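*Asks:* My structure is stored as model-v3.cif, with mmCIF, C-alpha atoms and all ligand atoms.
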data_model
loop_
_atom_site.label_atom_id
_atom_site.label_comp_id
_atom_site.auth_asym_id
_atom_site.auth_seq_id
_atom_site.Cartn_x
_atom_site.Cartn_y
_atom_site.Cartn_z
CA MET A 407 26.31 -14.67 -0.07
CA ASN A 408 24.20 -11.88 -1.36
CA HIS A 409 22.60 -10.10 1.57
CA SER A 410 19.39 -8.75 0.09
CA ILE A 411 17.41 -5.96 1.68
CA ALA A 412 13.98 -4.71 0.64
CA LEU A 413 12.34 -1.39 1.42
CA VAL A 414 8.55 -1.69 1.63
CA VAL A 415 6.33 1.36 1.17
CA PHE A 416 4.11 0.70 4.13
CA SER A 417 0.80 2.34 5.09
CA GLY A 418 -0.38 -0.30 7.54
CA GLY A 419 -3.31 -1.23 5.30
CA GLN A 420 -4.28 -4.67 4.05
CA ASP A 421 -2.22 -4.47 0.87
CA SER A 422 1.05 -3.10 2.15
CA THR A 423 0.92 -5.34 5.24
CA THR A 424 0.54 -8.38 3.00
CA CYS A 425 3.49 -7.06 0.98
CA LEU A 426 5.54 -6.62 4.16
CA PHE A 427 5.19 -10.30 4.99
CA TRP A 428 5.68 -11.26 1.34
CA ALA A 429 8.99 -9.38 1.44
CA LYS A 430 9.98 -10.96 4.75
CA GLN A 431 9.72 -14.35 3.10
CA ARG A 432 11.95 -13.36 0.20
CA PHE A 433 14.61 -11.00 1.53
CA ASP A 434 17.20 -11.29 4.28
CA LYS A 435 16.17 -7.97 5.73
CA VAL A 436 13.10 -5.77 5.34
CA ILE A 437 12.61 -2.12 6.22
CA ALA A 438 9.13 -0.57 6.30
CA LEU A 439 8.75 3.06 5.25
CA SER A 440 5.59 5.00 6.18
CA PHE A 441 4.63 8.50 5.13
CA LEU A 442 2.78 11.26 6.90
CA TYR A 443 1.20 12.98 3.92
CA GLY A 444 -1.41 14.99 5.78
CA GLN A 445 -3.90 12.11 5.85
CA LYS A 446 -6.88 12.73 8.15
CA HIS A 447 -6.29 9.41 9.83
CA GLN A 448 -2.75 9.78 11.09
CA LYS A 449 -3.53 6.93 13.46
CA GLU A 450 -2.73 4.69 10.49
CA VAL A 451 0.94 5.45 11.09
CA GLU A 452 0.65 4.31 14.74
CA LEU A 453 -1.02 1.12 13.58
CA ALA A 454 1.71 0.69 10.97
CA ALA A 455 4.33 0.99 13.72
CA ARG A 456 2.56 -1.70 15.73
CA ILE A 457 2.41 -4.09 12.77
CA ALA A 458 6.07 -3.46 11.91
CA SER A 459 6.99 -4.27 15.49
CA LYS A 460 4.97 -7.52 15.38
CA ALA A 461 6.71 -8.36 12.10
CA ALA A 462 10.05 -7.51 13.73
CA VAL A 463 11.07 -5.15 10.96
CA GLU A 464 12.64 -1.72 11.22
CA HIS A 465 10.05 1.03 10.74
CA VAL A 466 10.84 4.47 9.39
CA VAL A 467 8.31 7.33 9.27
CA MET A 468 8.81 10.29 6.99
CA ASP A 469 6.88 13.54 7.01
CA VAL A 470 5.87 14.57 3.49
CA SER A 471 2.75 16.48 4.43
CA PHE A 472 3.39 19.13 1.77
CA ILE A 473 1.82 16.61 -0.66
CA SER A 474 -1.63 17.35 0.77
CA GLN A 475 -1.20 21.04 -0.02
CA LEU A 476 -0.43 20.44 -3.69
CA GLY A 477 -3.69 18.83 -4.76
CA ARG A 478 -7.09 18.67 -3.10
CA ASN A 479 -8.48 15.29 -2.14
CA SER A 480 -10.85 13.92 0.46
CA LEU A 481 -8.23 11.83 2.27
CA THR A 482 -6.38 14.94 3.46
CA ASP A 483 -8.95 17.74 3.24
CA THR A 484 -11.39 17.62 6.16
CA SER A 485 -13.77 20.02 4.40
CA MET A 486 -14.38 17.60 1.53
CA VAL A 487 -17.00 14.87 1.56
CA MET A 488 -15.58 11.57 0.38
CA ASP A 489 -16.93 10.09 -2.86
CA GLU A 490 -18.39 6.70 -2.06
CA GLU A 491 -18.95 5.88 -5.72
CA LYS A 492 -16.63 6.33 -8.65
CA PRO A 493 -17.80 9.31 -10.73
CA ALA A 494 -18.58 8.38 -14.35
CA LYS A 495 -15.80 10.28 -16.05
CA SER A 496 -13.16 11.02 -13.47
CA TYR A 497 -11.43 9.68 -10.40
CA PRO A 498 -13.12 9.73 -6.99
CA ASN A 499 -11.86 12.50 -4.73
CA THR A 500 -9.99 9.91 -2.66
CA PHE A 501 -7.35 10.08 -5.39
CA VAL A 502 -4.25 11.83 -4.03
CA PRO A 503 -2.51 13.18 -7.12
CA GLY A 504 1.14 12.22 -7.28
CA ARG A 505 1.06 10.13 -4.11
CA ASN A 506 2.76 7.02 -5.43
CA LEU A 507 5.09 9.08 -7.60
CA PHE A 508 6.31 10.92 -4.51
CA PHE A 509 6.32 7.89 -2.21
CA LEU A 510 8.33 5.68 -4.54
CA SER A 511 10.72 8.45 -5.57
CA ILE A 512 11.44 9.30 -1.93
CA ALA A 513 11.73 5.60 -1.11
CA ALA A 514 14.26 5.17 -3.91
CA VAL A 515 16.48 8.00 -2.68
CA TYR A 516 16.25 6.65 0.87
CA ALA A 517 17.08 3.15 -0.40
CA ARG A 518 20.02 4.36 -2.48
CA GLU A 519 21.60 5.98 0.58
CA ARG A 520 21.53 2.59 2.26
CA GLY A 521 22.64 0.47 -0.67
CA ILE A 522 19.19 -1.05 -1.10
CA ASN A 523 17.86 -1.66 -4.62
CA HIS A 524 14.66 -3.61 -3.95
CA LEU A 525 11.53 -1.53 -3.46
CA VAL A 526 8.15 -3.11 -2.69
CA THR A 527 4.75 -1.50 -3.12
CA GLY A 528 1.23 -2.86 -2.67
CA VAL A 529 -0.30 -1.12 -5.69
CA SER A 530 -2.72 -3.13 -7.77
CA GLN A 531 -4.16 -2.52 -11.18
CA THR A 532 -7.32 -4.28 -10.08
CA ASP A 533 -7.91 -1.52 -7.49
CA PHE A 534 -11.54 -0.42 -7.75
CA SER A 535 -10.86 3.16 -8.71
CA GLY A 536 -8.19 2.43 -11.29
CA TYR A 537 -5.98 5.14 -9.82
CA PRO A 538 -3.47 5.93 -12.58
CA ASP A 539 -0.48 5.66 -10.24
CA CYS A 540 -1.47 2.12 -9.26
CA ARG A 541 -1.15 0.83 -12.80
CA ASP A 542 1.60 -1.39 -14.08
CA ALA A 543 2.59 0.98 -16.92
CA PHE A 544 3.22 3.77 -14.41
CA ILE A 545 5.31 1.56 -12.11
CA LYS A 546 7.44 0.25 -15.00
CA SER A 547 7.90 3.76 -16.34
CA LEU A 548 8.86 5.10 -12.91
CA ASN A 549 11.28 2.21 -12.39
CA VAL A 550 13.11 3.19 -15.59
CA THR A 551 13.02 6.86 -14.60
CA LEU A 552 14.44 6.21 -11.13
CA ASN A 553 17.22 4.08 -12.60
CA LEU A 554 18.08 6.83 -15.08
CA ALA A 555 17.75 9.57 -12.47
CA MET A 556 20.24 7.99 -10.09
CA ASP A 557 22.17 5.63 -12.35
CA GLU A 558 21.03 2.70 -10.24
CA GLN A 559 19.39 -0.67 -10.82
CA PHE A 560 16.30 -0.44 -8.66
CA VAL A 561 13.73 -3.20 -8.90
CA ILE A 562 10.20 -2.18 -7.94
CA HIS A 563 8.30 -5.27 -6.81
CA THR A 564 4.49 -5.22 -7.07
CA PRO A 565 3.30 -8.59 -5.72
CA LEU A 566 -0.36 -7.52 -5.84
CA MET A 567 -0.40 -5.90 -9.28
CA TRP A 568 -2.46 -8.57 -11.05
CA ILE A 569 -4.43 -10.07 -8.21
CA ASP A 570 -7.78 -9.02 -6.79
CA LYS A 571 -8.76 -8.51 -3.15
CA ALA A 572 -9.84 -12.14 -2.66
CA GLU A 573 -6.46 -13.31 -3.94
CA THR A 574 -4.72 -10.79 -1.70
CA TRP A 575 -6.50 -12.40 1.28
CA ALA A 576 -5.41 -15.79 -0.04
CA LEU A 577 -1.82 -14.57 -0.16
CA ALA A 578 -2.02 -13.29 3.43
CA ASP A 579 -3.36 -16.69 4.47
CA GLU A 580 -0.55 -18.46 2.61
CA LEU A 581 1.93 -16.23 4.45
CA GLY A 582 0.28 -17.19 7.75
CA VAL A 583 -0.94 -13.68 8.58
CA LEU A 584 -4.63 -13.72 7.64
CA GLU A 585 -5.75 -12.92 11.20
CA LEU A 586 -3.13 -10.24 11.69
CA VAL A 587 -4.07 -8.57 8.41
CA ARG A 588 -7.75 -8.82 9.24
CA HIS A 589 -7.56 -7.32 12.73
CA ASP A 590 -4.48 -5.10 12.86
CA THR A 591 -4.58 -3.22 9.56
CA LEU A 592 -6.41 -0.04 8.63
CA THR A 593 -7.89 0.19 5.15
CA CYS A 594 -11.08 2.10 5.94
CA TYR A 595 -11.36 5.64 4.57
CA ASN A 596 -13.19 6.55 7.78
CA GLY A 597 -10.23 5.53 9.91
CA ILE A 598 -11.69 2.46 11.62
CA PRO A 599 -9.20 -0.42 11.90
CA GLY A 600 -9.93 -4.09 11.22
CA ASP A 601 -13.26 -4.69 9.50
CA GLY A 602 -13.75 -0.90 9.36
CA CYS A 603 -16.90 1.20 8.93
CA GLY A 604 -18.33 -1.29 6.46
CA HIS A 605 -19.70 1.20 3.92
CA CYS A 606 -16.84 3.23 2.46
CA PRO A 607 -15.45 1.98 -0.88
CA ALA A 608 -12.28 0.61 0.74
CA CYS A 609 -14.30 -1.36 3.32
CA ARG A 610 -16.69 -2.73 0.72
CA LEU A 611 -13.86 -3.87 -1.52
CA ARG A 612 -12.01 -5.41 1.38
CA ARG A 613 -15.09 -7.19 2.77
CA GLU A 614 -16.25 -8.53 -0.59
CA GLY A 615 -12.75 -9.89 -1.19
CA LEU A 616 -12.64 -11.54 2.22
CA GLN A 617 -16.09 -13.12 1.81
CA LYS A 618 -15.16 -14.41 -1.62
CA TYR A 619 -11.90 -15.88 -0.33
CA LEU A 620 -13.41 -17.49 2.78
CA LEU A 621 -16.18 -19.01 0.66
CA SER A 622 -13.72 -20.47 -1.85
CA LYS A 623 -11.67 -21.85 1.05
CA GLN A 624 -14.74 -23.66 2.46
CA GLU A 625 -15.45 -25.21 -0.92
CA HIS A 626 -11.99 -26.80 -1.14
ZN ZN B 1 -14.71 2.14 5.87
#
Is it possible to express this structure as structure tokens?
*Replies:*
Amino acid sequence: MNHSIALVVFSGGQDSTTCLFWAKQRFDKVIALSFLYGQKHQKEVELAARIASKAAVEHVVMDVSFISQLGRNSLTDTSMVMDEEKPAKSYPNTFVPGRNLFFLSIAAVYARERGINHLVTGVSQTDFSGYPDCRDAFIKSLNVTLNLAMDEQFVIHTPLMWIDKAETWALADELGVLELVRHDTLTCYNGIPGDGCGHCPACRLRREGLQKYLLSKQEH
């Protein structure tokens, strides 16, 4: 019997929480890994711990707050006003340069130490901002790089890569955790759990997805 373990990069938001339960369904054991990267809303890590405990998975928190000192962004810099719209020719200032590169690289080293080769991340190419480190090409490239860097056979799983927010809600529902994801997760850029502040880009995207999903569910 092959005892398979997955390490989930886990922020406690809608996407990574859905991925946590997705992984629970597919692997014998799941470990959730959260990062303190200097985010203004460190409460997200407390919420992540609570969700991990409800999911009965081991939760590891790692301090990588140096990331916030490398590049300026409005998720870690309290003096910056968050972009609520995507600027025409660049990324909104909620983009944390290198975040997924660091998170997944650190996750891979952590996983290797424990004989784990499955990594799970909630990135999605359909993400509203089109962050470059959420795209499939980046993940595939990093997967190859990590394998070459450590002479390992990591598999980076991205269950949400090609689905939109409505389909992510559908997946949570399928996994039996729609209510948990709706009420216990923190996606809001203003740090308000559940349905959030309602007006930041993350809340709008999340709410529009939920409305679309609930409507399609009624119609069937
Ligand atoms: Zn919000």
*Asks:* Could the residues of chain A that have an atom at most 8 Å from ligand ZN 1 (chain B) be listed as CSV, each with its closest atom pair and the distance in Å to one decimal, counting all atoms listed in the file and ordered by chain and ascending residue number?
*Replies:*
residue,atom,partner,partner_atom,distance
A:Thr593,CA,B:ZN1,ZN,7.1
A:Cys594,CA,B:ZN1,ZN,3.6
A:Tyr595,CA,B:ZN1,ZN,5.0
A:Asn596,CA,B:ZN1,ZN,5.0
A:Gly597,CA,B:ZN1,ZN,6.9
A:Ile598,CA,B:ZN1,ZN,6.5
A:Asp601,CA,B:ZN1,ZN,7.9
A:Gly602,CA,B:ZN1,ZN,4.7
A:Cys603,CA,B:ZN1,ZN,3.9
A:Gly604,CA,B:ZN1,ZN,5.0
A:His605,CA,B:ZN1,ZN,5.4
A:Cys606,CA,B:ZN1,ZN,4.2
A:Pro607,CA,B:ZN1,ZN,6.8
A:Ala608,CA,B:ZN1,ZN,5.9
A:Cys609,CA,B:ZN1,ZN,4.3
A:Arg610,CA,B:ZN1,ZN,7.4
*Asks:* Against stretch 430-440 of chain A, which residues of stretch 484-561 of chain A fall within 10 Å? For each one I want the closest pair of atoms and the distance in Å (one decimal), counting all atoms listed in the file, rows by chain and increasing residue number, as CSV.
*Replies:*
residue,atom,partner,partner_atom,distance
A:Phe509,CA,A:Ser440,CA,8.9
A:Ile512,CA,A:Leu439,CA,9.9
A:Ala513,CA,A:Leu439,CA,7.5
A:Tyr516,CA,A:Leu439,CA,9.4
A:Ala517,CA,A:Ile437,CA,9.6
A:Ile522,CA,A:Ile437,CA,9.9
A:His524,CA,A:Phe433,CA,9.2
A:Leu525,CA,A:Ile437,CA,9.8
A:Val526,CA,A:Ala438,CA,9.4
*Asks:* In Å, with one decimal, what is the gap from atom CA of A:Ala461 to atom CA of A:Leu577?
*Replies:*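 Atom-to-atom, atom CA of A:Ala461 to atom CA of A:Leu577, that is 16.2 Å.
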*Asks:* Counting all atoms listed in the file, what is within 12 Å of A:Ser511, bar same-chain residues fewer than 5 positions away, as a ChimeraX atom specification?
*Replies:* /A:415,470,504-506,516-518,525,527,545,548-553,555-556,560,562
*Asks:* Would you work out the distance separating atom CA of A:Pro538 from atom CA of A:Ser417, expressed in Å to one decimal?
*Replies:*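 Calculated distance between atom CA of A:Pro538 and atom CA of A:Ser417 is 18.5 Å.
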*Asks:* Using atom CA of A:Glu490 and atom CA of A:Val451 as the two end points, give the distance in Å to one decimal.
*Replies:*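 The value is 23.4 Å.
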*Asks:* Which one of A:Cys425, A:Leu566, A:Ala543, A:Ala572 sits closest to A:Leu621 if you count only C-alpha atoms?
*Replies:*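 Residue with the minimum atom-to-atom distance to A:Leu621: A:Ala572.
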*Asks:* Could you list, as a list of chain:residue names, every residue within 10 Å of A:Gly536, counting only C-alpha atoms and ignoring same-chain residues fewer than 4 positions away?
*Replies:*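 These residues fall inside the cut-off: A:Lys492, A:Tyr497, A:Pro498, A:Phe501, A:Ser530, A:Gln531, A:Thr532, A:Cys540, A:Arg541.
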*Asks:* Which one of A:Val502, A:Met567, A:Val529, A:Leu581 sits closest to A:Ala429 if you count only C-alpha atoms?
*Replies:*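 Checking each of A:Val502, A:Met567, A:Val529, A:Leu581 against A:Ala429, counting only C-alpha atoms, the winner is A:Leu581.
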*Asks:* With distances taken over all atoms listed in the file, which of A:Ala454, A:Val583, A:Glu519, A:Gly600 is nearest to A:Arg613?
*Replies:*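 Checking each candidate against A:Arg613, we get A:Gly600 as the closest.
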*Asks:* Measuring atom to atom with all atoms listed in the file, identify which of A:Glu614, A:Leu510, A:Ile473, A:Gln624 is nearest to A:Gly444.
*Replies:*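 Ranking A:Glu614, A:Leu510, A:Ile473, A:Gln624 by distance to A:Gly444, first place goes to A:Ile473.
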*Asks:* Report, as AutoDock Vina command-line options, the axis-aligned box around all atoms of stretch 502-509 of chain A present in the file, extended by 6 Å on each side; give centre and edge lengths in Å to one decimal place.
*Replies:*
--center_x 1.0 --center_y 10.1 --center_z -4.9 --size_x 22.6 --size_y 18.2 --size_z 17.4
*Asks:* Residues within 8 Å of A:Thr423, please, as a short mmCIF file (atom, residue, chain, number, x, y, z; two decimals) with C-alpha atoms, in the coordinates of the input. Count only C-alpha atoms; anything in the same chain fewer than 4 positions from it doesn't count.
*Replies:*
data_model
loop_
_atom_site.label_atom_id
_atom_site.label_comp_id
_atom_site.auth_asym_id
_atom_site.auth_seq_id
_atom_site.Cartn_x
_atom_site.Cartn_y
_atom_site.Cartn_z
CA PHE A 416 4.11 0.70 4.13
CA SER A 417 0.80 2.34 5.09
CA GLY A 418 -0.38 -0.30 7.54
CA GLY A 419 -3.31 -1.23 5.30
CA PHE A 427 5.19 -10.30 4.99
CA ILE A 457 2.41 -4.09 12.77
CA VAL A 587 -4.07 -8.57 8.41
CA THR A 591 -4.58 -3.22 9.56
#
*Asks:* Using all atoms listed in the file, can you tell me which of A:Ser485, A:Phe441, A:Asp579, A:Asp590 comes closest to A:Leu453?
*Replies:*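 Of all the options, A:Asp590 lies closest to A:Leu453.
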*Asks:* From the list A:Asp469, A:Tyr537, A:Asp421, A:Gly582, which residue is nearest A:Ile569 when using all atoms listed in the file?
*Replies:*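 Among the listed residues, the smallest separation from A:Ile569 belongs to A:Asp421.
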